[in-house]
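Undergrad: If it helps, the file is called coords_0.cif and holds mmCIF, C-alpha atoms:
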data_upload
loop_
_atom_site.label_atom_id
_atom_site.label_comp_id
_atom_site.auth_asym_id
_atom_site.auth_seq_id
_atom_site.Cartn_x
_atom_site.Cartn_y
_atom_site.Cartn_z
CA MET A 835 -117.44 77.38 -49.75
CA THR A 836 -115.43 77.17 -52.98
CA VAL A 837 -111.72 77.69 -52.39
CA PRO A 838 -109.82 79.54 -55.17
CA GLN A 839 -106.51 78.06 -56.23
CA PRO A 840 -103.18 79.91 -56.59
CA ASN A 841 -101.98 80.90 -60.04
CA ALA A 842 -100.88 77.69 -61.75
CA THR A 843 -97.94 79.42 -63.48
CA THR A 844 -96.51 81.68 -60.76
CA GLY A 845 -97.93 80.08 -57.63
CA ALA A 846 -98.98 83.53 -56.42
CA PRO A 847 -102.10 83.83 -54.24
CA PRO A 848 -105.24 85.17 -55.92
CA ARG A 849 -105.89 88.91 -55.95
CA ALA A 850 -109.07 90.52 -54.66
CA HIS A 851 -110.84 92.57 -57.35
CA ILE A 852 -113.98 94.68 -56.94
CA THR A 853 -116.23 93.28 -59.66
CA GLY A 854 -119.61 94.70 -58.63
CA TRP A 855 -120.95 97.78 -56.88
CA GLY A 856 -124.37 99.10 -55.93
CA ARG A 857 -126.02 101.66 -53.68
CA TYR A 858 -129.42 102.55 -52.29
CA ALA A 859 -130.65 105.80 -50.76
CA PRO A 860 -134.16 106.29 -49.37
CA SER A 861 -136.45 108.55 -51.38
CA GLN A 862 -137.37 110.80 -48.46
CA VAL A 863 -135.12 113.90 -48.34
CA LEU A 864 -134.56 116.01 -45.22
CA THR A 865 -133.20 119.42 -46.22
CA ASN A 866 -131.58 122.12 -44.11
CA ALA A 867 -134.76 124.16 -44.53
CA ASP A 868 -136.72 121.29 -42.94
CA LEU A 869 -134.33 121.26 -39.99
CA GLU A 870 -134.77 125.00 -39.50
CA ARG A 871 -138.37 124.24 -38.49
CA ILE A 872 -137.30 121.54 -36.02
CA VAL A 873 -134.20 122.83 -34.23
CA ASP A 874 -132.43 126.15 -33.66
CA THR A 875 -130.23 126.22 -36.77
CA SER A 876 -130.08 127.64 -40.29
CA ASP A 877 -129.11 126.54 -43.76
CA GLU A 878 -126.13 128.92 -43.79
CA TRP A 879 -124.89 127.66 -40.40
CA ILE A 880 -125.08 124.00 -41.46
CA ARG A 881 -123.49 124.48 -44.89
CA SER A 882 -120.65 126.64 -43.61
CA ARG A 883 -119.67 124.10 -40.93
CA THR A 884 -120.42 120.78 -42.64
CA GLY A 885 -121.07 121.32 -46.35
CA ILE A 886 -124.34 119.36 -46.04
CA ARG A 887 -127.43 120.58 -47.93
CA GLU A 888 -129.66 117.54 -47.44
CA ARG A 889 -129.69 113.98 -46.21
CA ARG A 890 -131.89 110.88 -46.76
CA VAL A 891 -134.28 109.43 -44.17
CA ALA A 892 -135.48 105.81 -44.25
CA ALA A 893 -139.23 105.26 -44.57
CA ALA A 894 -141.18 103.62 -41.76
CA ASN A 895 -140.93 100.18 -43.39
CA GLU A 896 -137.27 100.44 -44.36
CA THR A 897 -134.55 98.89 -42.23
CA THR A 898 -130.81 98.47 -42.36
CA ALA A 899 -131.30 94.95 -43.73
CA SER A 900 -133.82 95.93 -46.41
CA MET A 901 -131.65 98.77 -47.73
CA ALA A 902 -128.57 96.54 -47.64
CA ALA A 903 -130.44 93.86 -49.60
CA VAL A 904 -131.30 96.28 -52.42
CA ALA A 905 -127.72 97.57 -52.66
CA SER A 906 -126.46 93.97 -52.64
CA LEU A 907 -128.76 92.87 -55.48
CA ARG A 908 -127.52 95.81 -57.54
CA ALA A 909 -123.87 94.91 -56.84
CA LEU A 910 -124.55 91.30 -57.83
CA ALA A 911 -126.19 92.48 -61.04
CA VAL A 912 -123.10 94.49 -61.99
CA ALA A 913 -120.81 91.54 -61.14
CA GLY A 914 -123.02 89.19 -63.19
CA LEU A 915 -123.27 86.73 -60.30
CA ASP A 916 -126.08 84.71 -58.82
CA PRO A 917 -126.68 85.18 -55.07
CA ASP A 918 -125.54 81.61 -54.41
CA ASP A 919 -122.14 82.38 -55.97
CA ILE A 920 -121.30 84.41 -52.85
CA ASP A 921 -119.20 82.57 -50.24
CA LEU A 922 -119.11 85.22 -47.53
CA ILE A 923 -121.29 88.22 -46.60
CA LEU A 924 -119.79 90.98 -44.42
CA LEU A 925 -121.99 93.86 -43.28
CA GLY A 926 -120.51 96.95 -41.67
CA THR A 927 -123.09 98.77 -39.54
CA LEU A 928 -123.62 100.38 -36.15
CA THR A 929 -127.42 100.34 -36.51
CA PRO A 930 -128.33 96.64 -36.87
CA ASP A 931 -131.95 95.57 -37.11
CA TYR A 932 -131.49 93.48 -33.96
CA TRP A 933 -128.68 92.64 -31.57
CA MET A 934 -129.32 89.09 -32.69
CA PRO A 935 -129.58 87.59 -35.20
CA SER A 936 -126.96 89.42 -37.24
CA THR A 937 -128.23 91.80 -39.89
CA ALA A 938 -125.94 90.07 -42.40
CA ALA A 939 -127.97 86.88 -41.87
CA LEU A 940 -131.18 88.79 -42.68
CA VAL A 941 -129.56 90.15 -45.87
CA LYS A 942 -128.49 86.63 -46.85
CA GLU A 943 -132.09 85.44 -46.59
CA ALA A 944 -133.44 88.50 -48.41
CA ILE A 945 -131.20 88.14 -51.48
CA GLY A 946 -131.85 84.41 -51.76
CA ASN A 947 -128.41 83.08 -50.81
CA THR A 948 -128.35 79.59 -49.29
CA ARG A 949 -124.66 78.84 -48.79
CA ALA A 950 -122.69 81.90 -47.66
CA VAL A 951 -121.23 82.59 -44.23
CA ALA A 952 -122.69 85.90 -42.97
CA MET A 953 -121.61 88.20 -40.14
CA ASP A 954 -121.70 91.84 -39.04
CA VAL A 955 -118.69 94.11 -38.56
CA MET A 956 -119.26 96.81 -35.95
CA ALA A 957 -116.56 99.45 -36.41
CA ALA A 958 -118.76 102.55 -36.69
CA CYS A 959 -117.92 104.78 -39.66
CA SER A 960 -114.87 102.62 -40.48
CA GLY A 961 -117.03 99.50 -40.66
CA PHE A 962 -117.09 99.14 -44.44
CA VAL A 963 -113.31 99.42 -44.88
CA TYR A 964 -112.75 97.03 -41.96
CA ALA A 965 -115.11 94.59 -43.69
CA TYR A 966 -113.30 95.19 -46.99
CA ALA A 967 -109.98 94.34 -45.32
CA SER A 968 -111.47 91.10 -43.93
CA ALA A 969 -112.87 90.18 -47.35
CA HIS A 970 -109.49 90.90 -48.95
CA ALA A 971 -107.80 88.57 -46.44
CA HIS A 972 -110.35 85.79 -47.06
CA ILE A 973 -109.78 85.93 -50.80
CA THR A 974 -105.97 86.21 -50.81
CA SER A 975 -105.71 83.39 -48.25
CA GLY A 976 -107.86 81.14 -50.44
CA MET A 977 -110.78 80.92 -48.00
CA ALA A 978 -113.35 82.46 -50.38
CA ARG A 979 -113.84 83.19 -54.07
CA HIS A 980 -116.61 85.80 -54.03
CA VAL A 981 -117.35 88.04 -51.03
CA LEU A 982 -120.21 90.52 -50.66
CA VAL A 983 -119.13 93.55 -48.59
CA ILE A 984 -121.87 95.95 -47.44
CA GLY A 985 -122.11 99.19 -45.50
CA ALA A 986 -125.64 100.12 -44.37
CA GLU A 987 -127.04 102.47 -41.73
CA THR A 988 -130.36 103.75 -40.37
CA LEU A 989 -128.85 106.50 -38.23
CA THR A 990 -131.79 108.90 -38.22
CA ARG A 991 -133.60 106.67 -35.71
CA PHE A 992 -130.84 107.30 -33.16
CA LEU A 993 -130.76 111.10 -33.35
CA ASP A 994 -131.97 113.66 -30.84
CA TYR A 995 -133.69 116.30 -32.96
CA THR A 996 -133.23 118.88 -30.21
CA ASP A 997 -129.44 118.57 -30.46
CA ARG A 998 -128.26 120.56 -33.45
CA ASN A 999 -124.70 119.23 -33.08
CA THR A 1000 -125.76 115.74 -34.22
CA CYS A 1001 -129.17 115.83 -35.93
CA ILE A 1002 -127.84 117.95 -38.82
CA LEU A 1003 -125.05 115.51 -39.68
CA PHE A 1004 -126.38 112.03 -40.26
CA GLY A 1005 -128.46 110.28 -42.92
CA ASP A 1006 -129.53 106.78 -43.99
CA GLY A 1007 -128.46 104.60 -46.91
CA ALA A 1008 -126.58 101.51 -48.05
CA GLY A 1009 -123.80 100.56 -50.44
CA ALA A 1010 -122.26 97.24 -51.43
CA VAL A 1011 -119.41 95.80 -53.46
CA VAL A 1012 -118.52 92.30 -54.63
CA LEU A 1013 -114.90 91.20 -54.24
CA SER A 1014 -113.81 88.29 -56.45
CA ALA A 1015 -110.66 86.22 -56.67
CA SER A 1016 -108.59 86.67 -59.82
CA ASP A 1017 -105.07 86.00 -61.08
CA GLN A 1018 -105.07 89.27 -63.03
CA PRO A 1019 -102.98 92.21 -61.78
CA GLY A 1020 -104.65 95.03 -59.90
CA GLY A 1021 -107.21 94.84 -57.14
CA GLY A 1022 -106.47 95.75 -53.52
CA LEU A 1023 -102.78 96.42 -52.90
CA GLY A 1024 -102.37 98.28 -49.60
CA ILE A 1025 -104.44 98.32 -46.38
CA GLU A 1026 -103.84 100.21 -43.13
CA LEU A 1027 -106.01 99.79 -39.99
CA THR A 1028 -105.60 101.65 -36.68
CA THR A 1029 -107.48 101.96 -33.37
CA GLU A 1030 -106.93 104.46 -30.53
CA PRO A 1031 -109.35 103.54 -27.70
CA SER A 1032 -108.44 106.67 -25.70
CA GLY A 1033 -110.99 108.56 -27.80
CA ALA A 1034 -113.75 105.98 -27.48
CA TYR A 1035 -116.20 108.43 -25.93
CA MET A 1036 -115.87 111.21 -28.50
CA ILE A 1037 -118.65 109.58 -30.56
CA TRP A 1038 -120.79 107.10 -28.66
CA LEU A 1039 -124.23 105.73 -27.86
CA PRO A 1040 -124.38 105.66 -24.03
CA ALA A 1041 -127.14 103.10 -23.42
CA GLY A 1042 -128.53 99.92 -24.93
CA GLY A 1043 -125.56 97.63 -24.29
CA ALA A 1044 -124.67 95.30 -21.41
CA LYS A 1045 -123.16 98.12 -19.30
CA ALA A 1046 -126.29 100.29 -19.51
CA PRO A 1047 -129.25 98.08 -20.52
CA PRO A 1048 -132.38 99.80 -21.82
CA GLY A 1049 -134.71 101.05 -19.13
CA VAL A 1050 -136.97 103.90 -18.11
CA GLU A 1051 -134.05 105.90 -16.69
CA THR A 1052 -131.86 105.56 -19.79
CA VAL A 1053 -134.78 106.59 -22.00
CA ASN A 1054 -135.61 109.59 -19.82
CA ARG A 1055 -131.98 110.72 -19.92
CA GLY A 1056 -131.90 110.44 -23.71
CA GLU A 1057 -129.03 107.95 -23.65
CA HIS A 1058 -130.24 106.02 -26.69
CA PHE A 1059 -129.26 108.90 -28.99
CA ILE A 1060 -125.87 109.46 -30.59
CA ARG A 1061 -123.60 111.85 -28.71
CA MET A 1062 -120.51 113.48 -30.15
CA GLU A 1063 -117.71 115.85 -29.15
CA GLY A 1064 -117.47 117.78 -32.40
CA ARG A 1065 -114.22 119.71 -31.91
CA GLU A 1066 -112.21 116.74 -30.66
CA THR A 1067 -113.58 114.56 -33.46
CA TYR A 1068 -112.58 117.17 -36.04
CA ARG A 1069 -109.02 117.37 -34.68
CA PHE A 1070 -108.64 113.61 -34.67
CA ALA A 1071 -110.02 113.20 -38.19
CA THR A 1072 -107.84 115.89 -39.76
CA ARG A 1073 -104.75 114.46 -38.04
CA THR A 1074 -105.24 110.77 -38.84
CA LEU A 1075 -107.03 110.53 -42.20
CA ALA A 1076 -104.08 111.88 -44.19
CA THR A 1077 -101.48 109.77 -42.34
CA THR A 1078 -103.59 106.60 -42.68
CA ALA A 1079 -104.09 107.20 -46.40
CA LEU A 1080 -100.35 107.79 -46.88
CA ALA A 1081 -99.54 104.56 -45.00
CA ALA A 1082 -101.80 102.55 -47.33
CA VAL A 1083 -100.26 104.24 -50.37
CA GLU A 1084 -96.70 103.61 -49.19
CA GLN A 1085 -97.47 99.92 -48.69
CA ALA A 1086 -98.08 99.78 -52.44
CA GLY A 1087 -94.79 101.59 -53.16
CA LEU A 1088 -96.43 104.79 -54.40
CA GLN A 1089 -96.74 108.44 -53.39
CA ALA A 1090 -99.79 110.60 -52.83
CA SER A 1091 -99.26 112.29 -56.20
CA ASP A 1092 -99.70 108.91 -57.93
CA ILE A 1093 -103.30 108.56 -56.65
CA ASP A 1094 -105.99 109.37 -59.20
CA LEU A 1095 -108.94 109.54 -56.78
CA PHE A 1096 -109.41 109.62 -53.01
CA ILE A 1097 -112.75 108.43 -51.65
CA PRO A 1098 -112.82 109.68 -48.05
CA HIS A 1099 -115.43 109.08 -45.40
CA GLN A 1100 -118.15 111.65 -46.07
CA ALA A 1101 -118.39 113.24 -42.63
CA ASN A 1102 -117.69 116.92 -43.14
CA ILE A 1103 -116.49 119.00 -46.10
CA ARG A 1104 -114.01 120.84 -43.88
CA ILE A 1105 -112.42 117.54 -42.85
CA ILE A 1106 -112.14 116.45 -46.48
CA ASP A 1107 -110.62 119.80 -47.42
CA ALA A 1108 -108.07 119.51 -44.57
CA VAL A 1109 -107.11 116.00 -45.71
CA ALA A 1110 -106.58 117.24 -49.28
CA LYS A 1111 -104.30 120.00 -48.01
CA GLY A 1112 -102.43 117.55 -45.79
CA LEU A 1113 -101.76 115.33 -48.80
CA GLY A 1114 -100.88 118.29 -51.02
CA LEU A 1115 -103.62 117.42 -53.51
CA PRO A 1116 -106.35 119.52 -55.16
CA MET A 1117 -109.98 118.97 -54.16
CA GLU A 1118 -110.63 117.70 -57.71
CA ARG A 1119 -109.00 114.41 -56.65
CA MET A 1120 -111.36 114.04 -53.71
CA PHE A 1121 -114.76 112.51 -54.40
CA VAL A 1122 -117.41 114.42 -52.44
CA ASN A 1123 -121.13 113.72 -52.04
CA VAL A 1124 -121.58 114.71 -48.39
CA ASP A 1125 -123.68 117.65 -49.54
CA ARG A 1126 -126.44 115.28 -50.77
CA TYR A 1127 -126.31 112.41 -48.25
CA GLY A 1128 -124.75 113.76 -45.07
CA ASN A 1129 -122.75 111.35 -42.92
CA THR A 1130 -124.06 107.83 -43.54
CA SER A 1131 -121.35 106.23 -41.38
CA ALA A 1132 -120.34 102.79 -42.71
CA ALA A 1133 -122.44 103.34 -45.85
CA SER A 1134 -120.68 106.55 -46.92
CA ILE A 1135 -117.68 105.01 -48.70
CA PRO A 1136 -119.54 102.28 -50.66
CA ILE A 1137 -122.19 104.82 -51.73
CA ALA A 1138 -119.45 107.24 -52.84
CA LEU A 1139 -117.51 104.45 -54.58
CA ALA A 1140 -120.56 103.31 -56.56
CA GLU A 1141 -121.34 106.90 -57.55
CA ALA A 1142 -117.74 107.52 -58.58
CA VAL A 1143 -117.65 104.46 -60.85
CA ASP A 1144 -121.06 105.14 -62.37
CA SER A 1145 -120.18 108.77 -63.07
CA GLY A 1146 -116.94 107.87 -64.83
CA ARG A 1147 -114.60 109.19 -62.14
CA VAL A 1148 -112.92 105.77 -61.85
CA LYS A 1149 -111.27 104.20 -64.88
CA ILE A 1150 -109.37 100.98 -65.52
CA GLY A 1151 -105.83 101.28 -64.17
CA ASP A 1152 -106.56 104.22 -61.84
CA HIS A 1153 -105.10 104.24 -58.34
CA VAL A 1154 -107.98 104.72 -55.87
CA VAL A 1155 -107.74 105.15 -52.09
CA MET A 1156 -110.63 104.67 -49.64
CA VAL A 1157 -110.04 106.15 -46.18
CA ALA A 1158 -112.34 106.43 -43.13
CA PHE A 1159 -112.37 107.22 -39.42
CA GLY A 1160 -114.93 106.37 -36.77
CA ALA A 1161 -115.91 106.00 -33.12
CA GLY A 1162 -113.21 104.46 -30.95
CA ARG A 1163 -110.71 106.49 -33.00
CA ARG A 1164 -110.54 103.88 -35.69
CA SER A 1165 -108.98 104.86 -38.99
CA THR A 1166 -108.71 102.76 -42.12
CA GLY A 1167 -107.22 103.12 -45.57
CA ALA A 1168 -107.26 100.82 -48.59
CA ARG A 1169 -105.78 101.23 -52.07
CA TRP A 1170 -107.49 99.67 -55.09
CA ILE A 1171 -106.83 99.48 -58.84
CA PRO A 1172 -109.92 98.81 -61.00
CA SER A 1173 -109.15 96.21 -63.65
CA ARG A 1174 -112.43 95.54 -65.43
CA ARG A 1175 -115.12 97.42 -67.26
CA PRO A 1176 -118.68 97.54 -65.90
CA SER A 1177 -120.82 94.56 -66.77
CA PRO A 1178 -123.40 95.09 -69.52
CA ARG A 1179 -125.91 94.66 -66.68
CA SER A 1180 -124.56 97.72 -64.82
CA TRP A 1181 -127.46 99.83 -66.16
CA LEU A 1182 -129.75 97.63 -64.11
CA ALA A 1183 -127.96 98.44 -60.85
CA ARG A 1184 -128.58 102.15 -61.34
CA LEU A 1185 -132.36 101.84 -61.73
CA PRO A 1186 -134.49 103.19 -58.86
CA VAL A 1187 -135.73 100.25 -56.85
CA MET A 1188 -139.38 101.13 -57.46
CA THR A 1189 -139.00 100.43 -61.19
CA TRP A 1190 -137.71 96.87 -60.82
CA THR A 1191 -140.21 94.37 -62.18
CA SER A 1192 -140.06 90.64 -61.65
CA THR A 1193 -138.93 90.19 -65.27
CA THR A 1194 -136.05 92.62 -64.75
CA LEU A 1195 -134.95 90.89 -61.57
CA ARG A 1196 -134.93 87.49 -63.28
CA ARG A 1197 -132.53 88.89 -65.85
CA ALA A 1198 -130.21 90.27 -63.17
CA SER A 1199 -128.14 87.07 -62.85
CA ARG A 1200 -126.95 84.37 -65.19
CA ARG A 1201 -128.35 81.39 -63.32
CA ARG A 1202 -131.39 82.14 -61.22
CA ARG A 1203 -131.84 78.97 -59.23
CA ARG A 1204 -134.15 80.60 -56.69
CA ALA A 1205 -136.25 83.72 -57.22
CA PRO A 1206 -136.05 85.79 -53.99
CA ALA A 1207 -139.60 86.90 -53.28
CA THR A 1208 -140.42 88.47 -56.63
CA VAL A 1209 -143.99 89.34 -57.45
CA VAL A 1210 -145.84 89.75 -60.73
CA ARG A 1211 -148.45 92.42 -60.30
CA ARG A 1212 -151.25 93.14 -62.73
CA ARG A 1213 -152.04 96.70 -63.68
CA SER A 1214 -154.82 98.12 -61.52
CA THR A 1215 -156.22 101.34 -60.10
CA ARG A 1216 -155.46 102.70 -56.68
CA ASP A 1217 -158.95 102.03 -55.34
CA ARG A 1218 -159.35 98.34 -56.23
CA PRO A 1219 -157.81 95.25 -54.66
CA VAL A 1220 -154.77 93.94 -56.51
CA ARG A 1221 -154.69 90.42 -57.92
CA GLN A 1222 -151.08 89.32 -57.73
CA GLU A 1223 -149.07 86.13 -57.80
CA CYS A 1224 -146.59 85.50 -55.00
CA ARG A 1225 -143.86 83.28 -56.42
CA ARG A 1226 -142.72 82.23 -52.95
CA HIS A 1227 -146.14 80.84 -51.99
CA ARG A 1228 -147.02 79.70 -55.52
CA ARG A 1229 -150.55 81.04 -55.55
CA VAL A 1230 -152.57 84.03 -56.73
CA ALA A 1231 -154.40 86.02 -54.08
CA ARG A 1232 -156.32 89.26 -53.87
CA HIS A 1233 -154.63 91.74 -51.53
CA ARG A 1234 -155.67 95.13 -50.33
CA THR A 1235 -153.10 97.72 -49.23
CA GLY A 1236 -151.66 96.72 -45.84
CA ASP A 1237 -153.13 93.19 -45.97
CA LEU A 1238 -150.85 90.56 -47.49
CA SER A 1239 -151.62 87.83 -44.97
CA SER A 1240 -153.71 85.71 -47.35
CA ALA A 1241 -150.68 85.06 -49.56
CA GLY A 1242 -149.16 82.72 -47.01
CA GLY A 1243 -152.24 81.49 -45.22
CA ALA A 1244 -153.86 82.58 -42.00
CA GLY A 1245 -151.58 84.40 -39.57
CA SER A 1246 -148.60 84.85 -41.93
CA ARG A 1247 -147.29 87.55 -44.22
CA CYS A 1248 -145.94 87.44 -47.72
CA ARG A 1249 -142.23 88.38 -47.75
CA ALA A 1250 -142.65 90.45 -50.92
CA GLN A 1251 -143.96 93.67 -49.41
CA LEU A 1252 -145.78 95.56 -52.14
CA PRO A 1253 -147.11 99.08 -51.60
CA ARG A 1254 -149.89 100.33 -53.81
CA GLU A 1255 -148.35 102.53 -56.48
CA ARG A 1256 -150.07 104.43 -59.25
CA GLY A 1257 -149.61 102.58 -62.54
CA GLY A 1258 -149.25 99.13 -60.98
CA ARG A 1259 -146.66 96.52 -62.05
CA ARG A 1260 -143.81 97.57 -59.82
CA PHE A 1261 -141.47 95.65 -57.56
CA HIS A 1262 -140.94 97.29 -54.20
CA GLY A 1263 -137.71 95.64 -53.09
CA TYR A 1264 -138.20 95.82 -49.33
CA LEU A 1265 -137.49 92.20 -48.54
CA ASP A 1266 -137.29 92.09 -44.76
CA ARG A 1267 -139.78 89.72 -43.13
CA GLY A 1268 -142.50 91.11 -40.92
CA VAL A 1269 -142.78 94.70 -42.19
CA GLY A 1270 -145.80 95.90 -44.10
CA PRO A 1271 -146.06 98.21 -47.07
CA PRO A 1272 -145.62 101.97 -46.51
CA ARG A 1273 -148.53 103.83 -45.00
CA ARG A 1274 -150.27 106.31 -47.24
CA GLY A 1275 -148.32 109.57 -47.22
CA VAL A 1276 -145.04 107.89 -46.17
CA PRO A 1277 -142.48 107.86 -49.03
CA GLY A 1278 -141.11 104.46 -49.87
#
Rewrite the coordinates I just gave you, this time as structure tokens.

TA:
Amino acid sequence: MTVPQPNATTGAPPRAHITGWGRYAPSQVLTNADLERIVDTSDEWIRSRTGIRERRVAAANETTASMAAVASLRALAVAGLDPDDIDLILLGTLTPDYWMPSTAALVKEAIGNTRAVAMDVMAACSGFVYAYASAHAHITSGMARHVLVIGAETLTRFLDYTDRNTCILFGDGAGAVVLSASDQPGGGLGIELTTEPSGAYMIWLPAGGAKAPPGVETVNRGEHFIRMEGRETYRFATRTLATTALAAVEQAGLQASDIDLFIPHQANIRIIDAVAKGLGLPMERMFVNVDRYGNTSAASIPIALAEAVDSGRVKIGDHVVMVAFGAGRRSTGARWIPSRRPSPRSWLARLPVMTWTSTTLRRASRRRRRAPATVVRRRSTRDRPVRQECRRHRRVARHRTGDLSSAGGAGSRCRAQLPRERGGRRFHGYLDRGVGPPRRGVPG
């Protein structure tokens, strides 16, 4: 791990700047009209209470790690860094791929990093900002130079689609940022973290942990689905989000009127509206995308942040506040001043993942010491086997859809999972080991 040095002139500790950002949302969309056919609800009822029109659902072969890896590669492309430049990887999630190993370790392998420390941060919807605070501390203390901070969730696999109080709210996705040490002014200036365990059971997952291990009884009782007390959660969120945001702003010596953009946790449009009124600010200063993604928990703020920057809502010198709340009555707020323009490679980070070719990926970083499972695919028709070269196994093999085992020898799978797509020559980007290409008819 490379340790940054204090400013040689002033002796001040380095500042933590966001230098890269990226997001990924699955292609499959679940609209309110779709939910009307599943559960007793309506589009008008959902929109009037939550502001949500649609949400994204991960495909069968997508996982928290695979979505996080794509968002991370896009953030690295914007920052102009090679994966091995990262010293620390922090992943905020409440839906890990496994209890062990950590999902952050799987992301490290997927992006081709060989030297970073990697760990998960489980703080529910506040997970990304908690991870951001930890990354900020690592950089300002001199323990790291570049930190990859990720929020990623696959919440739709933990929903009871007979419970309209929860199944209408949540969606899947991932977002990531790169924090880098710098002696330039700006960066993160104020952070506020709180926890009130008295409300731990307002949003919770009853079974699956050490207290209630998985079993036939827990499955029959539906205890592996998310449960939520909606009214109590709403009261807590409207009461604490504004006060937490103000605390972070006051740490920087500013007032709410000095903030150019608030990026709140995208849980409910009524909560966001109440926070704006509590701060005395117009809704124009609140960035909102809950109508298109729903509540993506720890991924909501990094997805919103990446969208805000890409759409021009964040400019150099702006004062930006990120604020979240989550299960266990956690609330977090962080203030940030952008101090750099997007990298010339930022166009790359906005491309849909299905259009990334191996050539494009090789141009994504300045020094590509190790190509992470890229594949050159020759143009072919849908009905013929594909002749492709796997750069990890250094050989050309003929693969049919769903059969990539010959790339690595008998009994193994190629880590570059390629679905058959019309037009050929596409990079699929799902990098997690052991999952096959999407089944026909399943969007990827």

Undergrad: When the PyMOL selection byres ((chain A and resi 940) around 10) is applied to the file above, which residues end up in the set, as a PyMOL selection string?

TA: chain A and resi 898-900+902-903+931-932+935-939+941-945+952-953+1265-1267

Undergrad: When the PyMOL selection byres ((chain A and resi 920) around 12) is applied to the structure above, which residues does it catch, written out as a ChimeraX atom specification?

TA: /A:835-837,854,906-907,909-910,913-919,921-924,942,945-952,969,973,978-983,1011-1015

Undergrad: Which residues are near region 1118-1131 of chain A? Cut-off 6 Å, all atoms listed in the file, ignore same chain within fewer than 3 positions. Put them as a list in words.

TA: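 What passes the distance filter is Gly885, Ile886, Arg887, Glu888, Arg889, Arg890, Cys959, Leu1003, Phe1004, Gly1005, Asp1006, Leu1095, Phe1096, Ile1097, Gln1100, Ala1101 and Ser1134 of chain A.
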
Undergrad: Using the chain letters and numbers from the file, which residues does the PyMOL selection byres ((chain A and resi 1037) around 12) grab, as an mmCIF file with C-alpha atoms, keeping the file's coordinate frame?

TA:
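Saved the output as expr.cif:
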data_model
loop_
_atom_site.group_PDB
_atom_site.id
_atom_site.type_symbol
_atom_site.label_atom_id
_atom_site.label_comp_id
_atom_site.auth_asym_id
_atom_site.auth_seq_id
_atom_site.Cartn_x
_atom_site.Cartn_y
_atom_site.Cartn_z
ATOM 1 C CA LEU A 928 -123.620 100.380 -36.150
ATOM 2 C CA ALA A 957 -116.560 99.450 -36.410
ATOM 3 C CA ALA A 958 -118.760 102.550 -36.690
ATOM 4 C CA CYS A 959 -117.920 104.780 -39.660
ATOM 5 C CA ASN A 999 -124.700 119.230 -33.080
ATOM 6 C CA THR A 1000 -125.760 115.740 -34.220
ATOM 7 C CA PRO A 1031 -109.350 103.540 -27.700
ATOM 8 C CA SER A 1032 -108.440 106.670 -25.700
ATOM 9 C CA GLY A 1033 -110.990 108.560 -27.800
ATOM 10 C CA ALA A 1034 -113.750 105.980 -27.480
ATOM 11 C CA TYR A 1035 -116.200 108.430 -25.930
ATOM 12 C CA MET A 1036 -115.870 111.210 -28.500
ATOM 13 C CA TRP A 1038 -120.790 107.100 -28.660
ATOM 14 C CA LEU A 1039 -124.230 105.730 -27.860
ATOM 15 C CA PRO A 1040 -124.380 105.660 -24.030
ATOM 16 C CA PHE A 1059 -129.260 108.900 -28.990
ATOM 17 C CA ILE A 1060 -125.870 109.460 -30.590
ATOM 18 C CA ARG A 1061 -123.600 111.850 -28.710
ATOM 19 C CA MET A 1062 -120.510 113.480 -30.150
ATOM 20 C CA GLU A 1063 -117.710 115.850 -29.150
ATOM 21 C CA GLY A 1064 -117.470 117.780 -32.400
ATOM 22 C CA ARG A 1065 -114.220 119.710 -31.910
ATOM 23 C CA GLU A 1066 -112.210 116.740 -30.660
ATOM 24 C CA THR A 1067 -113.580 114.560 -33.460
ATOM 25 C CA TYR A 1068 -112.580 117.170 -36.040
ATOM 26 C CA PHE A 1070 -108.640 113.610 -34.670
ATOM 27 C CA SER A 1131 -121.350 106.230 -41.380
ATOM 28 C CA PHE A 1159 -112.370 107.220 -39.420
ATOM 29 C CA GLY A 1160 -114.930 106.370 -36.770
ATOM 30 C CA ALA A 1161 -115.910 106.000 -33.120
ATOM 31 C CA GLY A 1162 -113.210 104.460 -30.950
ATOM 32 C CA ARG A 1163 -110.710 106.490 -33.000
ATOM 33 C CA ARG A 1164 -110.540 103.880 -35.690
#

Undergrad: So for region 878-894 of chain A, what box centre and size do we get, axis-aligned, 8 Å extra on each of the six sides, every listed atom, Å to one decimal, as lines of an AutoDock Vina configuration file?

TA:
center_x = -130.4
center_y = 116.3
center_z = -44.2
size_x = 37.5
size_y = 41.3
size_z = 23.5

Undergrad: In Å, with one decimal, what is the gap from CA of Arg883 (chain A) to CA of Ile1103 (chain A)?

TA: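 Separation between CA of Arg883 (chain A) and CA of Ile1103 (chain A): 7.9 Å.
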
Undergrad: For the atom pair CA of Thr996 (chain A) and CA of Ile872 (chain A), what is the interatomic distance in Å to one decimal place?

TA: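 Result for CA of Thr996 (chain A) versus CA of Ile872 (chain A): 7.6 Å, one decimal.
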